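Below: one structure, written as structure tokens.
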Amino acid sequence: MDFYLVRHSQAKPEAEDPRRPLSDEGRREAEKVARAAAARGVRVSAILHSDKLRARQTAEIFRQFLAPAGGTREARGLAPDDDPMVARAELEEAAEPLMLVGHLPHLGRLTSLLVAGDPERVVVDFPSAALVCVSLAEGRWRLQWTLTPQTA
């Protein structure tokens, strides 16, 4: 089964807005990647995001293009410094494909934990708005493909 990990899009600087909503460029980046994901046939049952505004806004943009039956919702274990084991457990218990929208360094550590068994080993780059597809089959995780605003 495929799962999708998305880094939030470019946010406004904290000095400009402490809530750090998406910038106009960040919205364009997310829309471009979400549109490309939909064109690739990405289907998810729900989109989970961290409690940060920029992750929620990115998740909402992906929801517009992917229309998951379960919509979007906030989930624990997706904040920048959270233990990647929490998100791994969420994925391994899922009965249907999910999308997780979060942050660095968490997403990088989660991907490394899944495909290399070591959260400290870097296996993929996560520029803003990047989408990484990982799959779980027969108890083994594999990195399938990535989309970035530059490749979408």
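Going by the structure tokens order, chains are called A, B, ..., each with residues numbered from 1, while ligands are numbered from 1 in the order shown.
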
Subject >> For Thr151 (chain A): contacts at 10 Å, only C-alpha atoms, fewer than 5 positions along chain excluded, given as number ranges by chain >> reply: A: 32-33, 36, 130, 146

Atoms to include: N, CA and C atoms. Write the selected residues as an mmCIF file, in the first residue's frame.
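Once everything was written out, this is again_8.cif:
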data_model
loop_
_atom_site.group_PDB
_atom_site.id
_atom_site.type_symbol
_atom_site.label_atom_id
_atom_site.label_comp_id
_atom_site.auth_asym_id
_atom_site.auth_seq_id
_atom_site.Cartn_x
_atom_site.Cartn_y
_atom_site.Cartn_z
ATOM 1 N N LYS A 32 0.698 23.368 -7.355
ATOM 2 C CA LYS A 32 1.389 22.711 -8.469
ATOM 3 C C LYS A 32 1.646 21.237 -8.166
ATOM 4 N N VAL A 33 2.142 20.951 -6.969
ATOM 5 C CA VAL A 33 2.438 19.562 -6.602
ATOM 6 C C VAL A 33 1.142 18.770 -6.419
ATOM 7 N N ALA A 36 -0.233 17.870 -9.792
ATOM 8 C CA ALA A 36 0.563 16.798 -10.388
ATOM 9 C C ALA A 36 0.272 15.457 -9.704
ATOM 10 N N ALA A 130 7.368 19.398 -1.120
ATOM 11 C CA ALA A 130 7.745 18.105 -1.694
ATOM 12 C C ALA A 130 6.804 17.012 -1.226
ATOM 13 N N THR A 146 9.263 10.729 -5.874
ATOM 14 C CA THR A 146 9.087 12.043 -5.254
ATOM 15 C C THR A 146 8.581 13.041 -6.277
#

Subject >> 6 Å contact set for region 17-23 of chain A, only C-alpha atoms, chain neighbours under 4 positions out, as an NGL selection string >> reply: :A and (10-12 or 53-54)

Restricting the output to N, CA and C atoms, write the selected residues as a compact mmCIF listing (two decimals), in the first residue's frame.
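Now in out.txt:
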# COMPACT_ATOMS: atom_id res chain seq x y z
N GLN A 10 6.12 26.75 1.46
CA GLN A 10 6.82 27.94 1.95
C GLN A 10 5.87 28.82 2.77
N ALA A 11 6.30 29.18 3.97
CA ALA A 11 5.50 30.01 4.86
C ALA A 11 6.10 31.41 4.97
N LYS A 12 5.27 32.32 5.42
CA LYS A 12 5.75 33.69 5.66
C LYS A 12 6.74 33.66 6.81
N LEU A 53 -0.20 25.98 11.49
CA LEU A 53 -1.04 26.57 10.45
C LEU A 53 -0.53 26.25 9.05
N ARG A 54 0.77 26.34 8.83
CA ARG A 54 1.32 26.11 7.49
C ARG A 54 1.07 24.68 7.01

Subject >> Selected residue of minimal separation from Glu29 (chain A) among A:Ser9, A:Glu90, A:Gly108, A:Arg73, counting only C-alpha atoms >> reply: A:Ser9

**OP:** Run DSSP on the backbone of this structure and report the residues of chain A it assigns to strand (DSSP E or B), as a PyMOL selection string.
**Re:** chain A and resi 2-7+11+22+46-49+72-74+98-102+131-137+140-147

**OP:** Write out as a VMD selection string all residues of chain A that DSSP puts in alpha helix (DSSP H) for this structure's backbone.
**Re:** chain A and resid 24 to 39 53 to 66 84 to 93 106 to 116

Original post:
So what do you get for CA of Cys133 (chain A) versus CA of Val6 (chain A), distance-wise?
Top reply: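 Here the two named atoms are 8.9 Å from each other.
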
Original post:
Got a sec: who's within 8 Å of Thr72 (chain A), counting only C-alpha atoms, leaving out chain neighbours fewer than 6 positions off, as a PyMOL selection string?
Top reply: chain A and resi 46-49+59-60+63

Residues of the last selection are to be written out with N, CA and C atoms, as a PDB file, in the first residue's frame.
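The result, written out as out34.pdb:
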ATOM      1  N   ALA A  46      -7.481   9.837   3.706  1.00  0.00           N
ATOM      2  CA  ALA A  46      -7.486  11.032   4.552  1.00  0.00           C
ATOM      3  C   ALA A  46      -6.124  11.698   4.479  1.00  0.00           C
ATOM      4  N   ILE A  47      -6.106  12.976   4.838  1.00  0.00           N
ATOM      5  CA  ILE A  47      -4.862  13.746   4.919  1.00  0.00           C
ATOM      6  C   ILE A  47      -4.713  14.209   6.356  1.00  0.00           C
ATOM      7  N   LEU A  48      -3.639  13.766   7.004  1.00  0.00           N
ATOM      8  CA  LEU A  48      -3.359  14.137   8.385  1.00  0.00           C
ATOM      9  C   LEU A  48      -2.283  15.214   8.392  1.00  0.00           C
ATOM     10  N   HIS A  49      -2.413  16.179   9.300  1.00  0.00           N
ATOM     11  CA  HIS A  49      -1.439  17.272   9.371  1.00  0.00           C
ATOM     12  C   HIS A  49      -1.107  17.610  10.816  1.00  0.00           C
ATOM     13  N   ALA A  59      -2.243  20.989   3.723  1.00  0.00           N
ATOM     14  CA  ALA A  59      -3.154  19.841   3.666  1.00  0.00           C
ATOM     15  C   ALA A  59      -4.467  20.212   2.980  1.00  0.00           C
ATOM     16  N   GLU A  60      -4.981  21.392   3.254  1.00  0.00           N
ATOM     17  CA  GLU A  60      -6.242  21.837   2.646  1.00  0.00           C
ATOM     18  C   GLU A  60      -6.093  22.002   1.125  1.00  0.00           C
ATOM     19  N   ARG A  63      -6.196  18.591  -0.266  1.00  0.00           N
ATOM     20  CA  ARG A  63      -7.577  18.089  -0.178  1.00  0.00           C
ATOM     21  C   ARG A  63      -8.405  18.555  -1.367  1.00  0.00           C
TER      22      ARG A  63
END

**OP:** Using only C-alpha atoms, find the one residue out of A:Ala30, A:Met99, A:Gln150, A:Arg88 that sits nearest to Val132 (chain A).
**Re:**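 Distance minimum relative to Val132 (chain A) lands on A:Met99.
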
Subject >> One-decimal distance in Å that lies between CA of Ala95 (chain A) and CA of Val134 (chain A) >> reply: 15.1 Å

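Neighbours of Ile61 (chain A) closer than or equal to 9 Å, with only C-alpha atoms counted and sequence neighbours fewer than 2 positions away skipped, come out as Arg27, Ala30, Glu31, Ala34, Arg56, Gln57, Thr58, Ala59, Arg63, Gln64, Phe65 and Leu66 of chain A.
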
Identify, on the basis of only C-alpha atoms, every residue whose closest approach to region 137-142 of chain A does not exceed 8 Å; exclude the query and any residue fewer than 2 positions from it along the same chain; express the result as a compact mmCIF listing (two decimals) with N, CA and C atoms, in the first residue's frame.
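Once everything was written out, this is around-v6.txt:
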# COMPACT_ATOMS: atom_id res chain seq x y z
N MET A 1 0.84 -1.17 0.00
CA MET A 1 0.00 0.00 0.00
C MET A 1 0.89 1.24 0.00
N LEU A 114 11.64 4.55 8.01
CA LEU A 114 10.86 3.58 7.24
C LEU A 114 11.73 2.78 6.26
N VAL A 115 12.47 3.48 5.42
CA VAL A 115 13.16 2.77 4.32
C VAL A 115 14.56 2.28 4.66
N VAL A 134 5.97 6.49 -0.33
CA VAL A 134 6.59 5.29 0.22
C VAL A 134 5.53 4.19 0.22
N SER A 135 5.98 2.96 0.09
CA SER A 135 5.02 1.85 0.10
C SER A 135 5.43 0.81 1.12
N GLN A 144 9.23 5.01 -3.31
CA GLN A 144 8.75 4.81 -4.67
C GLN A 144 9.10 5.96 -5.61

**OP:** Please identify all polymer residues within 8 Å of Asp118 (chain A), counting only C-alpha atoms, omitting same-chain residues fewer than 5 positions from it, and present them as a list in words.
**Re:**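 Those residues are Arg109, Ser112 and Leu113 of chain A.
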
Original post:
Could you name the residues that touch Phe126 (chain A) at 10 Å or less, counting only C-alpha atoms, but leaving out those on the same chain fewer than 2 positions away, as a PyMOL selection string?
Top reply: chain A and resi 5-8+103-105+107-108+123-124+128-132+146-148

**OP:** Could you tell me which of A:Tyr4, A:Asp82, A:Glu14, A:Gly117 comes closest to Val101 (chain A) if we count only C-alpha atoms?
**Re:** A:Tyr4

Original post:
Which residue out of A:Val42, A:Ala37, A:Ala69, A:Ala79 has the minimum interatomic distance to Ala55 (chain A) when only C-alpha atoms are used?
Top reply: A:Ala79

Original post:
Separation of CA of Glu96 (chain A) and CA of Ala39 (chain A), in Å?
Top reply: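 These atoms are spaced 19.8 Å apart.
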